[in-house]
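> One structure is given below, represented as structure tokens, and several questions about it will come after.
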Amino acid sequence: MRCEIEFTLNGATTQWAGEAGRKLLDVLRDEFALVGVKCGCREGECGACSVLMDGVLVNSCLVAMGRLQGCEVLTIEGYRLTERFKVLDRALANRSAVQCGYCIPGMVLAAEALLAACPRPSDAEVRRGLSGNLCRCTGYNAIAGAILDASKEGEGLW
């Protein structure tokens, strides 16, 4: 079924027309050239395709475009323009937490969702917040530590 929708993408009002069942992941990458959204599993298991939809972390591989009418979608490309991103980016760099980088866009958005809900999380809360994002390179310790560092450095931002 074809649909025409209007939604906000990275702060800009966006019009889109196409098949209602088409996945947000594919539209973001193929039609909007937002390649920070990665295709990992297409089953909602890895978190590589994570975006924020109305402030909630979602796997874009599971979201049908027909659900987006009136929604606000934030990808890593939009988030990287914020002060919050700068704090997280600096913390990740200081901890040498990024290796191959494939999972990092989804991890950063998971961190944003967590810190927006809980600005001073415990280590256990950080690990729970990242539990939907898989990484084969780092073992998570440096990423979790960076998020804890960012929560302290960015006090008042979240």
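A note on labels: chains of the structure tokens are A, B, ... as shown, every chain counts residues from 1, and ligands are counted from 1 in their shown order.
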Which parts of chain A does DSSP call alpha helix (DSSP H) when run on the backbone here, written out as a VMD selection string?
chain A and resid 24 to 30 76 to 79 83 to 94 104 to 117 123 to 129 141 to 153
> Identify, on the basis of only C-alpha atoms, every residue whose closest approach to A:Glu45 does not exceed 10 Å; exclude the query and any residue fewer than 3 positions from it along the same chain; express the result as a PyMOL selection string.
chain A and resi 40-42+48-49+59+61+131-134
> Please dump the current selection as a PDB file, in the first residue's frame; keep N, CA and C atoms.

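Produced file result15.pdb, reproduced below:
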ATOM      1  N   GLY A  40      22.681  -4.199  10.098  1.00  0.00           N
ATOM      2  CA  GLY A  40      23.392  -5.311  10.719  1.00  0.00           C
ATOM      3  C   GLY A  40      22.661  -6.629  10.542  1.00  0.00           C
ATOM      4  N   CYS A  41      21.480  -6.745  11.142  1.00  0.00           N
ATOM      5  CA  CYS A  41      20.797  -8.040  11.180  1.00  0.00           C
ATOM      6  C   CYS A  41      19.423  -8.047  10.515  1.00  0.00           C
ATOM      7  N   ARG A  42      18.808  -6.890  10.360  1.00  0.00           N
ATOM      8  CA  ARG A  42      17.443  -6.763   9.842  1.00  0.00           C
ATOM      9  C   ARG A  42      16.410  -7.496  10.698  1.00  0.00           C
ATOM     10  N   ALA A  48      22.572  -1.817  15.335  1.00  0.00           N
ATOM     11  CA  ALA A  48      23.373  -1.018  14.400  1.00  0.00           C
ATOM     12  C   ALA A  48      22.526   0.008  13.655  1.00  0.00           C
ATOM     13  N   CYS A  49      21.241  -0.238  13.545  1.00  0.00           N
ATOM     14  CA  CYS A  49      20.349   0.655  12.809  1.00  0.00           C
ATOM     15  C   CYS A  49      19.569   1.586  13.730  1.00  0.00           C
ATOM     16  N   ASN A  59      14.893   0.339  16.627  1.00  0.00           N
ATOM     17  CA  ASN A  59      15.643  -0.304  15.548  1.00  0.00           C
ATOM     18  C   ASN A  59      14.937   0.035  14.245  1.00  0.00           C
ATOM     19  N   CYS A  61      15.290  -0.980  11.382  1.00  0.00           N
ATOM     20  CA  CYS A  61      15.009  -2.121  10.505  1.00  0.00           C
ATOM     21  C   CYS A  61      13.635  -2.728  10.788  1.00  0.00           C
ATOM     22  N   SER A 131      22.266  -2.749  26.172  1.00  0.00           N
ATOM     23  CA  SER A 131      22.049  -4.181  25.966  1.00  0.00           C
ATOM     24  C   SER A 131      21.469  -4.535  24.600  1.00  0.00           C
ATOM     25  N   GLY A 132      20.835  -3.606  23.932  1.00  0.00           N
ATOM     26  CA  GLY A 132      20.294  -3.875  22.596  1.00  0.00           C
ATOM     27  C   GLY A 132      21.265  -3.583  21.474  1.00  0.00           C
ATOM     28  N   ASN A 133      22.504  -3.235  21.815  1.00  0.00           N
ATOM     29  CA  ASN A 133      23.515  -2.889  20.816  1.00  0.00           C
ATOM     30  C   ASN A 133      24.699  -3.836  20.930  1.00  0.00           C
ATOM     31  N   LEU A 134      24.957  -4.547  19.864  1.00  0.00           N
ATOM     32  CA  LEU A 134      26.056  -5.511  19.852  1.00  0.00           C
ATOM     33  C   LEU A 134      27.332  -4.899  19.283  1.00  0.00           C
TER      34      LEU A 134
END
> Please identify which residues in chain A DSSP calls strand (DSSP E) from the backbone, and express them as a ChimeraX atom specification.
/A:2-9,12-19,50-53,56-59,72-74
> Mind giving me the straight-line distance from atom CA of A:Gly129 to atom CA of A:Ser151 in Å, one decimal?
13.4 Å
> Excluding same-chain residues fewer than 2 positions from stretch 23-32 of chain A, what lies within 8 Å of it counting only C-alpha atoms, as an MDAnalysis selection string?
chainID A and resid 21 34:35 37:39 49 60:65
> Could those selected residues go to a file with N, CA and C atoms, as a JSON list (two decimals), in the first residue's frame?

[["chain", "number", "residue", "atom", "x", "y", "z"],
["A", 21, "GLY", "N", 4.94, -0.20, 3.94],
["A", 21, "GLY", "CA", 5.68, -1.25, 4.62],
["A", 21, "GLY", "C", 7.19, -1.17, 4.47],
["A", 34, "LEU", "N", 21.66, 8.78, 4.49],
["A", 34, "LEU", "CA", 22.07, 8.83, 5.89],
["A", 34, "LEU", "C", 22.67, 7.46, 6.25],
["A", 35, "VAL", "N", 23.93, 7.30, 5.92],
["A", 35, "VAL", "CA", 24.57, 6.00, 6.03],
["A", 35, "VAL", "C", 25.18, 5.74, 7.41],
["A", 37, "VAL", "N", 23.31, 5.15, 9.76],
["A", 37, "VAL", "CA", 22.39, 4.09, 10.16],
["A", 37, "VAL", "C", 22.88, 2.83, 9.45],
["A", 38, "LYS", "N", 23.35, 1.86, 10.23],
["A", 38, "LYS", "CA", 23.95, 0.67, 9.64],
["A", 38, "LYS", "C", 22.96, -0.49, 9.56],
["A", 39, "CYS", "N", 23.13, -1.31, 8.55],
["A", 39, "CYS", "CA", 22.32, -2.52, 8.41],
["A", 39, "CYS", "C", 23.13, -3.69, 8.97],
["A", 49, "CYS", "N", 21.24, -0.24, 13.54],
["A", 49, "CYS", "CA", 20.35, 0.65, 12.81],
["A", 49, "CYS", "C", 19.57, 1.59, 13.73],
["A", 60, "SER", "N", 15.59, 0.82, 13.41],
["A", 60, "SER", "CA", 14.94, 1.29, 12.19],
["A", 60, "SER", "C", 14.64, 0.16, 11.20],
["A", 61, "CYS", "N", 15.29, -0.98, 11.38],
["A", 61, "CYS", "CA", 15.01, -2.12, 10.50],
["A", 61, "CYS", "C", 13.64, -2.73, 10.79],
["A", 62, "LEU", "N", 13.03, -2.35, 11.92],
["A", 62, "LEU", "CA", 11.72, -2.89, 12.29],
["A", 62, "LEU", "C", 10.59, -1.88, 12.11],
["A", 63, "VAL", "N", 10.91, -0.65, 11.76],
["A", 63, "VAL", "CA", 9.91, 0.41, 11.68],
["A", 63, "VAL", "C", 9.44, 0.58, 10.24],
["A", 64, "ALA", "N", 8.15, 0.37, 10.02],
["A", 64, "ALA", "CA", 7.56, 0.59, 8.70],
["A", 64, "ALA", "C", 7.34, 2.09, 8.50],
["A", 65, "MET", "N", 7.60, 2.56, 7.31],
["A", 65, "MET", "CA", 7.46, 3.98, 7.01],
["A", 65, "MET", "C", 6.05, 4.49, 7.29]]
> Which residues, written as a ChimeraX atom specification, have at least one atom at most 9 Å from A:Glu155, with only C-alpha atoms counted and residues fewer than 3 positions away on the same chain left out?
/A:119-120,150-152,158
> Would you compute the distance between atom CA of A:Lys86 and atom CA of A:Gly154? Give it in Å to one decimal.
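Separation between atom CA of A:Lys86 and atom CA of A:Gly154: 9.4 Å.
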> Using only C-alpha atoms, which of A:Thr82, A:Gln99, A:Thr14, A:Ser122 sits nearest A:Thr138?
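Smallest separation from A:Thr138 among the options: A:Gln99.
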> Can you pull out every residue within 10 Å of A:Ala117, counting only C-alpha atoms, but drop anything in the same chain fewer than 6 positions away, and send it as a count of residues only?
4
> For A:Thr13, please output as a tab-separated table (two decimals) with N, CA and C atoms, in the first residue's frame all residues within 10 Å (counting only C-alpha atoms; exclusion window: fewer than 4 positions along the same chain).

chain	number	residue	atom	x	y	z
A	6	GLU	N	4.37	12.96	6.23
A	6	GLU	CA	5.22	14.08	6.60
A	6	GLU	C	5.76	13.77	7.98
A	7	PHE	N	7.06	13.90	8.15
A	7	PHE	CA	7.69	13.68	9.44
A	7	PHE	C	8.89	14.60	9.55
A	8	THR	N	9.45	14.68	10.73
A	8	THR	CA	10.63	15.51	10.94
A	8	THR	C	11.85	14.60	10.96
A	9	LEU	N	12.82	14.91	10.13
A	9	LEU	CA	14.04	14.13	10.04
A	9	LEU	C	15.22	15.05	10.37
A	70	GLY	N	3.92	12.33	11.22
A	70	GLY	CA	3.97	13.25	12.35
A	70	GLY	C	5.07	12.98	13.36
A	71	CYS	N	5.88	11.98	13.14
A	71	CYS	CA	6.94	11.61	14.08
A	71	CYS	C	8.20	12.46	13.86
A	72	GLU	N	9.05	12.42	14.86
A	72	GLU	CA	10.36	13.07	14.77
A	72	GLU	C	11.42	11.98	14.83
> Report as a VMD selection string all protein, DNA and RNA residues lying within 9 Å of A:Cys3, evaluated on only C-alpha atoms, omitting residues in the same chain fewer than 6 positions from it.
chain A and resid 16 to 20 65 to 66
